[in-house]
Amino acid sequence: MSETVATQPSEVVAVSATIPWWKTISKNQWYSLLAAQMGWALDAFDVLLYVFALTTIMKEWNLTATEAGFLASVTLFASAFGGIAFGVIADRIGRKNALMATVLIFSIMSGVSGLTQNLWQLALARTLLGLGMGGEWASGALLVSETWPPEHRGKAIGIMQGGWAIGYILAAIVAGTILPWLGWRVLFFIGIIPALFTLWVRTKVEEPEIWVKANEEKKQGFSLTQIFRPDLLRYTVCCTIIAIFVMFGYWGLFTWLPGFLSSSADKGGAGLSIVKSSMWIIPTMIGAFFGYVTFGFIADKYGRRPTFAAFLLIAAVLVFIYGNTRDATLLLILGPFVGFFGSGYFSAFGVFIAELFPTRARGAGLGFTYNVGRMASALAPTTVGFAATKYGVGAALTITAVAFAIGAASIFLVPETKAAELE
C-alpha cells in the first residue's frame, strides 16, 4: 500500500507536465476571462472615444487645453467613486451582476455624451460614464481572480487587461473612420453598442464558487470598513500609494498621447493629422496588448514585484524619449515599446491586490486602493494640459515619466504574492 502511495504523486506530476496549461482550464473559467476581457475592452472603447474626439471638440467649442483636460479628469475622478462603490457592491451582489450593471452604465452614458450642448453637460455625462468605467474593472478583475487557479492567475489577469488595448485599437479605428465623416456626436452614439454584451454575460458566466460560499456562510459581513482594520490596513495604505503614482503616470500619458501626435510643432506636438495620429496609436496599442499579456506570464514565473518595477522603469525612460521626439518614423517605431512597457504593468493590479485581501474584503480592497489611485490620477490630464500650455505637450509628458519611476520603487512596500492561494 505504501509503495503505491509513494509512486502516485510523481506519476501525476509527469502526466500534468505533458498537458499544456491552457488545457487544464475549464469552460467556465474561460467564459469568466472572456467576459472580463471584453467588458474591459468595451469600457476602453467608450472612454477613449473622447480622447480621439478631444481636439475636434476643443475647436468646435473653443476650449483651452486645461478645459479639455478637465473633461478627462472628471471622468477619472468619477471612475474612482464607481470603482470603490462597485467593489463593495460586487462583494454583496456578486461579480457577474456587478459587471453587467457597470457595462450598461458606461454604454448608455456614452450615447448621452453625444447629445450634450456645452462643457458642463458633457462633464456631467462623462462623470456618470466614469462611474461605470471604474466599477467594470473591479468587477472583472474579481471575477477572474476568484475563478482561475493561482499558478495561472497572473496570465489570466494579463489577458483580461489586454482587453484595454483591444478597446483602444477599436476606438482608434472607429474614430479615424467616423470622426472626419460624421463628427464626434455620432462617434459617441456608437458607444451605446456595448450594452448588448450584457446579454451574453447573463447566459454564459457563473459566479465564482469562492464568492458563493462566502455569501452563503456570511460569517463576516461584506463592508468597506474591513479594509481599515489592523489586519488589512497596511495593505490598504501601501496598495493605494502604488496606485496613485502609477495611475497618474498612465492617465497623464495616454490621455494626451493622441493630442501630442496631432498638435502642431509650435505647441510642442508631433504635427500629425487627426487620421494619421489615430493610425499611429494602433501599433502603440498592439504593443500594449502584448505588454499586458506578457506581464502575466513573466509575473507568474519571476514574481509580481520585480516584473512590475522593471516595466515601470523602462516606461519612464521611453516616455521621456518619446515626448522629445518629432520625427514621425521614429515615433512609429517607439510607439509599440511605449505601449508595451507603459501599459503592461497594469496587469499586476488585479493580481497582487486580490492576493493580499481575503474574500470577505477582496472587492472592497481592490475597489478602494485601485480607485483612490485613479481618483488622484484625475489630476494628471489637467496637470499635463496646464504644463503643455507653457512648455508644449511633448515636454509636459516628462511629468508622467517621473510618476512611473516613483511607482516602480513603491511596489516594494508590499510582500511578494506569487501563486498565493486566495483566502
# chains A, B, ... in the order shown; residues from 1 in each chain; ligands from 1

$ residues_around --residues "segment 45-51 of chain A" --least-positions-apart "3" --cutoff "7 Å" --atoms "only C-alpha atoms" --output "JSON list (two decimals) with N, CA and C atoms, in the first residue's frame"
[["chain", "number", "residue", "atom", "x", "y", "z"],
["A", 41, "ALA", "N", -12.51, 45.74, -22.61],
["A", 41, "ALA", "CA", -12.28, 46.27, -23.96],
["A", 41, "ALA", "C", -13.36, 47.28, -24.34],
["A", 42, "LEU", "N", -14.61, 46.94, -24.04],
["A", 42, "LEU", "CA", -15.72, 47.84, -24.37],
["A", 42, "LEU", "C", -15.69, 49.09, -23.49],
["A", 54, "LEU", "N", -11.07, 64.65, -28.75],
["A", 54, "LEU", "CA", -10.62, 65.78, -27.93],
["A", 54, "LEU", "C", -10.32, 67.04, -28.75],
["A", 107, "SER", "N", -22.15, 52.40, -21.22],
["A", 107, "SER", "CA", -22.64, 52.39, -22.60],
["A", 107, "SER", "C", -23.71, 53.46, -22.82],
["A", 110, "SER", "N", -22.30, 56.99, -22.77],
["A", 110, "SER", "CA", -21.57, 57.36, -23.98],
["A", 110, "SER", "C", -22.54, 57.96, -25.00],
["A", 167, "GLY", "N", -9.78, 47.51, -26.97],
["A", 167, "GLY", "CA", -10.74, 48.61, -26.99],
["A", 167, "GLY", "C", -10.15, 49.90, -27.53],
["A", 168, "TYR", "N", -8.88, 50.15, -27.17],
["A", 168, "TYR", "CA", -8.18, 51.36, -27.64],
["A", 168, "TYR", "C", -8.03, 51.32, -29.16],
["A", 170, "LEU", "N", -9.90, 49.56, -31.29],
["A", 170, "LEU", "CA", -11.23, 49.72, -31.88],
["A", 170, "LEU", "C", -11.64, 51.19, -31.90],
["A", 171, "ALA", "N", -11.36, 51.89, -30.79],
["A", 171, "ALA", "CA", -11.69, 53.31, -30.72],
["A", 171, "ALA", "C", -10.91, 54.10, -31.77],
["A", 175, "ALA", "N", -12.80, 56.01, -34.64],
["A", 175, "ALA", "CA", -12.60, 57.47, -34.64],
["A", 175, "ALA", "C", -12.00, 57.93, -35.96],
["A", 187, "LEU", "N", -19.89, 59.59, -33.14],
["A", 187, "LEU", "CA", -18.86, 58.74, -32.52],
["A", 187, "LEU", "C", -19.31, 58.27, -31.14],
["A", 188, "PHE", "N", -19.88, 59.19, -30.37],
["A", 188, "PHE", "CA", -20.36, 58.83, -29.04],
["A", 188, "PHE", "C", -21.61, 57.95, -29.09],
["A", 191, "GLY", "N", -21.02, 54.37, -29.10],
["A", 191, "GLY", "CA", -20.63, 53.82, -27.80],
["A", 191, "GLY", "C", -21.75, 53.14, -27.04],
["A", 255, "THR", "N", -3.91, 60.00, -21.97],
["A", 255, "THR", "CA", -4.95, 60.98, -22.29],
["A", 255, "THR", "C", -4.44, 61.97, -23.33]]

$ select_by_dssp --residues "segment 153-373 of chain A" --states "alpha helix (DSSP H)" --output "number ranges by chain"
A: 153-182, 184-190, 197-204, 209-217, 230-262, 274-302, 304-323, 328-343, 349-356, 359-373

$ residues_around --residues "Ile108 of chain A" --least-positions-apart "3" --cutoff "12 Å" --atoms "only C-alpha atoms" --output "MDAnalysis selection string"
chainID A and resid 43 46:47 101:105 111:115 125:126 128:133 188:196

$ residues_around --residues "Lys301 of chain A" --least-positions-apart "6" --cutoff "12 Å" --atoms "only C-alpha atoms" --output "PyMOL selection string"
chain A and resi 150-155+294-295+307+417-419

$ residues_around --residues "Ala315 of chain A" --least-positions-apart "3" --cutoff "7 Å" --atoms "only C-alpha atoms" --output "JSON, numbers by chain"
{"A": [311, 312, 318, 319, 338, 341, 342, 404]}

$ write_last_selection --atoms "C-alpha atoms" --output "PDB file, in the first residue's frame"
ATOM      1  CA  PHE A 311       8.181  47.555 -16.655  1.00  0.00           C
ATOM      2  CA  LEU A 312       7.736  50.938 -14.958  1.00  0.00           C
ATOM      3  CA  LEU A 318      10.844  55.555 -23.085  1.00  0.00           C
ATOM      4  CA  VAL A 319       8.234  58.222 -22.320  1.00  0.00           C
ATOM      5  CA  VAL A 338       5.867  52.751 -25.176  1.00  0.00           C
ATOM      6  CA  PHE A 341       6.088  48.926 -21.067  1.00  0.00           C
ATOM      7  CA  GLY A 342       3.828  51.943 -20.465  1.00  0.00           C
ATOM      8  CA  PHE A 404       6.372  55.936 -13.376  1.00  0.00           C
TER       9      PHE A 404
END

$ closest_residue --among "A:Lys23, A:Lys96, A:Lys59, A:Arg360" --to "Thr198 of chain A" --atoms "only C-alpha atoms"
A:Lys96

$ closest_residue --among "A:Gly335, A:Ala156, A:Asn97, A:Gly140" --to "Ile25 of chain A" --atoms "only C-alpha atoms"
A:Ala156

$ residues_around --residues "Thr284 of chain A" --least-positions-apart "4" --cutoff "12 Å" --atoms "only C-alpha atoms" --output "number ranges by chain"
A: 165-166, 168-169, 172, 254, 257-258, 277-280, 288-291, 322, 331-344

$ write_last_selection --atoms "C-alpha atoms" --output "CSV table (one decimal), in the first residue's frame"
chain,number,residue,atom,x,y,z
A,165,ALA,CA,-5.6,47.6,-25.8
A,166,ILE,CA,-8.2,45.9,-28.0
A,168,TYR,CA,-8.2,51.4,-27.6
A,169,ILE,CA,-7.5,50.0,-31.1
A,172,ALA,CA,-8.8,54.4,-33.0
A,254,PHE,CA,-2.4,58.2,-22.6
A,257,LEU,CA,-0.8,60.9,-26.4
A,258,PRO,CA,-3.3,61.5,-29.4
A,277,SER,CA,-2.3,60.3,-35.4
A,278,SER,CA,-5.2,57.8,-34.9
A,279,MET,CA,-3.3,55.3,-37.1
A,280,TRP,CA,0.0,55.9,-35.1
A,288,ALA,CA,0.2,47.5,-25.1
A,289,PHE,CA,-1.8,44.3,-25.7
A,290,PHE,CA,1.4,42.2,-25.8
A,291,GLY,CA,2.6,44.0,-22.7
A,322,TYR,CA,9.1,59.8,-27.0
A,331,LEU,CA,7.5,57.9,-33.2
A,332,LEU,CA,6.0,55.0,-35.1
A,333,ILE,CA,8.9,52.7,-34.2
A,334,LEU,CA,8.9,53.8,-30.5
A,335,GLY,CA,5.1,53.5,-30.2
A,336,PRO,CA,4.8,49.7,-29.6
A,337,PHE,CA,7.6,49.9,-27.0
A,338,VAL,CA,5.9,52.8,-25.2
A,339,GLY,CA,2.6,50.8,-25.3
A,340,PHE,CA,4.3,47.5,-24.1
A,341,PHE,CA,6.1,48.9,-21.1
A,342,GLY,CA,3.8,51.9,-20.5
A,343,SER,CA,0.7,49.7,-20.1
A,344,GLY,CA,1.7,46.2,-19.4

$ residues_around --residues "Leu272 of chain A" --least-positions-apart "3" --cutoff "7 Å" --atoms "only C-alpha atoms" --output "PyMOL selection string"
chain A and resi 261-262+276-277

$ atom_distance --atom1 "atom CA of Ala403 of chain A" --atom2 "atom CA of Met375 of chain A"
15.0 Å

$ atom_distance --atom1 "atom CA of Phe412 of chain A" --atom2 "atom CA of Thr398 of chain A"
23.4 Å

$ closest_residue --among "A:Leu63, A:Ile210, A:Val74, A:Val237" --to "Val372 of chain A" --atoms "only C-alpha atoms"
A:Val237

$ atom_distance --atom1 "atom CA of Leu330 of chain A" --atom2 "atom CA of Phe245 of chain A"
27.8 Å

$ closest_residue --among "A:Gly69, A:Gly385, A:Gly176, A:Gly83" --to "Ser139 of chain A" --atoms "only C-alpha atoms"
A:Gly83

$ closest_residue --among "A:Thr389, A:Ser347, A:Ser79, A:Ser263" --to "Thr64 of chain A" --atoms "only C-alpha atoms"
A:Thr389

$ decode --residues "segment 48-84 of chain A" --atoms "N, CA and C atoms" --output "PDB file, in the first residue's frame"
ATOM      1  N   LEU A  48     -12.317  55.992 -24.425  1.00  0.00           N
ATOM      2  CA  LEU A  48     -11.294  56.591 -25.284  1.00  0.00           C
ATOM      3  C   LEU A  48     -11.857  57.236 -26.547  1.00  0.00           C
ATOM      4  N   LEU A  49     -13.141  57.056 -26.798  1.00  0.00           N
ATOM      5  CA  LEU A  49     -13.738  57.816 -27.896  1.00  0.00           C
ATOM      6  C   LEU A  49     -13.571  59.307 -27.639  1.00  0.00           C
ATOM      7  N   TYR A  50     -13.653  59.703 -26.369  1.00  0.00           N
ATOM      8  CA  TYR A  50     -13.458  61.113 -26.023  1.00  0.00           C
ATOM      9  C   TYR A  50     -12.033  61.562 -26.307  1.00  0.00           C
ATOM     10  N   VAL A  51     -11.054  60.702 -26.020  1.00  0.00           N
ATOM     11  CA  VAL A  51      -9.657  61.062 -26.242  1.00  0.00           C
ATOM     12  C   VAL A  51      -9.421  61.388 -27.710  1.00  0.00           C
ATOM     13  N   PHE A  52     -10.018  60.591 -28.598  1.00  0.00           N
ATOM     14  CA  PHE A  52      -9.833  60.834 -30.029  1.00  0.00           C
ATOM     15  C   PHE A  52     -10.660  62.023 -30.527  1.00  0.00           C
ATOM     16  N   ALA A  53     -11.751  62.306 -29.839  1.00  0.00           N
ATOM     17  CA  ALA A  53     -12.579  63.454 -30.231  1.00  0.00           C
ATOM     18  C   ALA A  53     -12.091  64.750 -29.600  1.00  0.00           C
ATOM     19  N   LEU A  54     -11.072  64.655 -28.750  1.00  0.00           N
ATOM     20  CA  LEU A  54     -10.616  65.783 -27.935  1.00  0.00           C
ATOM     21  C   LEU A  54     -10.323  67.039 -28.745  1.00  0.00           C
ATOM     22  N   THR A  55      -9.456  66.934 -29.739  1.00  0.00           N
ATOM     23  CA  THR A  55      -9.067  68.134 -30.497  1.00  0.00           C
ATOM     24  C   THR A  55     -10.241  68.696 -31.299  1.00  0.00           C
ATOM     25  N   THR A  56     -11.124  67.826 -31.799  1.00  0.00           N
ATOM     26  CA  THR A  56     -12.293  68.275 -32.555  1.00  0.00           C
ATOM     27  C   THR A  56     -13.244  69.064 -31.661  1.00  0.00           C
ATOM     28  N   ILE A  57     -13.514  68.550 -30.459  1.00  0.00           N
ATOM     29  CA  ILE A  57     -14.394  69.252 -29.511  1.00  0.00           C
ATOM     30  C   ILE A  57     -13.766  70.572 -29.086  1.00  0.00           C
ATOM     31  N   MET A  58     -12.460  70.578 -28.870  1.00  0.00           N
ATOM     32  CA  MET A  58     -11.761  71.816 -28.492  1.00  0.00           C
ATOM     33  C   MET A  58     -11.966  72.900 -29.538  1.00  0.00           C
ATOM     34  N   LYS A  59     -11.865  72.529 -30.806  1.00  0.00           N
ATOM     35  CA  LYS A  59     -12.031  73.509 -31.880  1.00  0.00           C
ATOM     36  C   LYS A  59     -13.477  73.971 -31.992  1.00  0.00           C
ATOM     37  N   GLU A  60     -14.423  73.041 -31.893  1.00  0.00           N
ATOM     38  CA  GLU A  60     -15.836  73.382 -32.066  1.00  0.00           C
ATOM     39  C   GLU A  60     -16.354  74.262 -30.929  1.00  0.00           C
ATOM     40  N   TRP A  61     -15.903  73.980 -29.702  1.00  0.00           N
ATOM     41  CA  TRP A  61     -16.388  74.716 -28.535  1.00  0.00           C
ATOM     42  C   TRP A  61     -15.384  75.762 -28.037  1.00  0.00           C
ATOM     43  N   ASN A  62     -14.289  75.934 -28.752  1.00  0.00           N
ATOM     44  CA  ASN A  62     -13.242  76.901 -28.369  1.00  0.00           C
ATOM     45  C   ASN A  62     -12.731  76.662 -26.944  1.00  0.00           C
ATOM     46  N   LEU A  63     -12.412  75.423 -26.632  1.00  0.00           N
ATOM     47  CA  LEU A  63     -11.918  75.069 -25.311  1.00  0.00           C
ATOM     48  C   LEU A  63     -10.401  75.213 -25.241  1.00  0.00           C
ATOM     49  N   THR A  64      -9.910  75.547 -24.076  1.00  0.00           N
ATOM     50  CA  THR A  64      -8.466  75.568 -23.851  1.00  0.00           C
ATOM     51  C   THR A  64      -8.001  74.152 -23.526  1.00  0.00           C
ATOM     52  N   ALA A  65      -6.686  73.928 -23.532  1.00  0.00           N
ATOM     53  CA  ALA A  65      -6.137  72.615 -23.192  1.00  0.00           C
ATOM     54  C   ALA A  65      -6.491  72.239 -21.751  1.00  0.00           C
ATOM     55  N   THR A  66      -6.527  73.229 -20.879  1.00  0.00           N
ATOM     56  CA  THR A  66      -6.870  72.972 -19.477  1.00  0.00           C
ATOM     57  C   THR A  66      -8.315  72.523 -19.341  1.00  0.00           C
ATOM     58  N   GLU A  67      -9.248  73.162 -20.086  1.00  0.00           N
ATOM     59  CA  GLU A  67     -10.659  72.774 -20.046  1.00  0.00           C
ATOM     60  C   GLU A  67     -10.863  71.376 -20.625  1.00  0.00           C
ATOM     61  N   ALA A  68     -10.148  71.080 -21.709  1.00  0.00           N
ATOM     62  CA  ALA A  68     -10.253  69.755 -22.312  1.00  0.00           C
ATOM     63  C   ALA A  68      -9.716  68.689 -21.354  1.00  0.00           C
ATOM     64  N   GLY A  69      -8.622  69.004 -20.674  1.00  0.00           N
ATOM     65  CA  GLY A  69      -8.070  68.093 -19.681  1.00  0.00           C
ATOM     66  C   GLY A  69      -9.030  67.897 -18.517  1.00  0.00           C
ATOM     67  N   PHE A  70      -9.767  68.959 -18.185  1.00  0.00           N
ATOM     68  CA  PHE A  70     -10.751  68.888 -17.102  1.00  0.00           C
ATOM     69  C   PHE A  70     -11.827  67.846 -17.398  1.00  0.00           C
ATOM     70  N   LEU A  71     -12.289  67.779 -18.647  1.00  0.00           N
ATOM     71  CA  LEU A  71     -13.307  66.806 -19.014  1.00  0.00           C
ATOM     72  C   LEU A  71     -12.810  65.379 -18.819  1.00  0.00           C
ATOM     73  N   ALA A  72     -11.544  65.132 -19.160  1.00  0.00           N
ATOM     74  CA  ALA A  72     -10.970  63.813 -18.931  1.00  0.00           C
ATOM     75  C   ALA A  72     -10.818  63.556 -17.435  1.00  0.00           C
ATOM     76  N   SER A  73     -10.479  64.592 -16.710  1.00  0.00           N
ATOM     77  CA  SER A  73     -10.262  64.453 -15.270  1.00  0.00           C
ATOM     78  C   SER A  73     -11.544  64.098 -14.527  1.00  0.00           C
ATOM     79  N   VAL A  74     -12.671  64.714 -14.911  1.00  0.00           N
ATOM     80  CA  VAL A  74     -13.917  64.415 -14.202  1.00  0.00           C
ATOM     81  C   VAL A  74     -14.336  62.963 -14.425  1.00  0.00           C
ATOM     82  N   THR A  75     -14.034  62.429 -15.616  1.00  0.00           N
ATOM     83  CA  THR A  75     -14.335  61.018 -15.891  1.00  0.00           C
ATOM     84  C   THR A  75     -13.523  60.124 -14.969  1.00  0.00           C
ATOM     85  N   LEU A  76     -12.237  60.422 -14.839  1.00  0.00           N
ATOM     86  CA  LEU A  76     -11.361  59.624 -13.986  1.00  0.00           C
ATOM     87  C   LEU A  76     -11.752  59.760 -12.517  1.00  0.00           C
ATOM     88  N   PHE A  77     -12.087  60.982 -12.117  1.00  0.00           N
ATOM     89  CA  PHE A  77     -12.461  61.215 -10.725  1.00  0.00           C
ATOM     90  C   PHE A  77     -13.726  60.423 -10.378  1.00  0.00           C
ATOM     91  N   ALA A  78     -14.702  60.464 -11.281  1.00  0.00           N
ATOM     92  CA  ALA A  78     -15.942  59.717 -11.059  1.00  0.00           C
ATOM     93  C   ALA A  78     -15.690  58.219 -11.086  1.00  0.00           C
ATOM     94  N   SER A  79     -14.765  57.779 -11.937  1.00  0.00           N
ATOM     95  CA  SER A  79     -14.478  56.349 -12.023  1.00  0.00           C
ATOM     96  C   SER A  79     -13.923  55.825 -10.701  1.00  0.00           C
ATOM     97  N   ALA A  80     -13.253  56.689  -9.964  1.00  0.00           N
ATOM     98  CA  ALA A  80     -12.739  56.286  -8.653  1.00  0.00           C
ATOM     99  C   ALA A  80     -13.893  55.955  -7.712  1.00  0.00           C
ATOM    100  N   PHE A  81     -14.911  56.807  -7.688  1.00  0.00           N
ATOM    101  CA  PHE A  81     -16.075  56.538  -6.853  1.00  0.00           C
ATOM    102  C   PHE A  81     -16.812  55.293  -7.336  1.00  0.00           C
ATOM    103  N   GLY A  82     -16.883  55.141  -8.660  1.00  0.00           N
ATOM    104  CA  GLY A  82     -17.535  53.963  -9.213  1.00  0.00           C
ATOM    105  C   GLY A  82     -16.812  52.688  -8.839  1.00  0.00           C
ATOM    106  N   GLY A  83     -15.486  52.728  -8.889  1.00  0.00           N
ATOM    107  CA  GLY A  83     -14.700  51.555  -8.540  1.00  0.00           C
ATOM    108  C   GLY A  83     -14.830  51.180  -7.081  1.00  0.00           C
ATOM    109  N   ILE A  84     -14.799  52.181  -6.212  1.00  0.00           N
ATOM    110  CA  ILE A  84     -14.950  51.924  -4.772  1.00  0.00           C
ATOM    111  C   ILE A  84     -16.343  51.380  -4.479  1.00  0.00           C
TER     112      ILE A  84
END
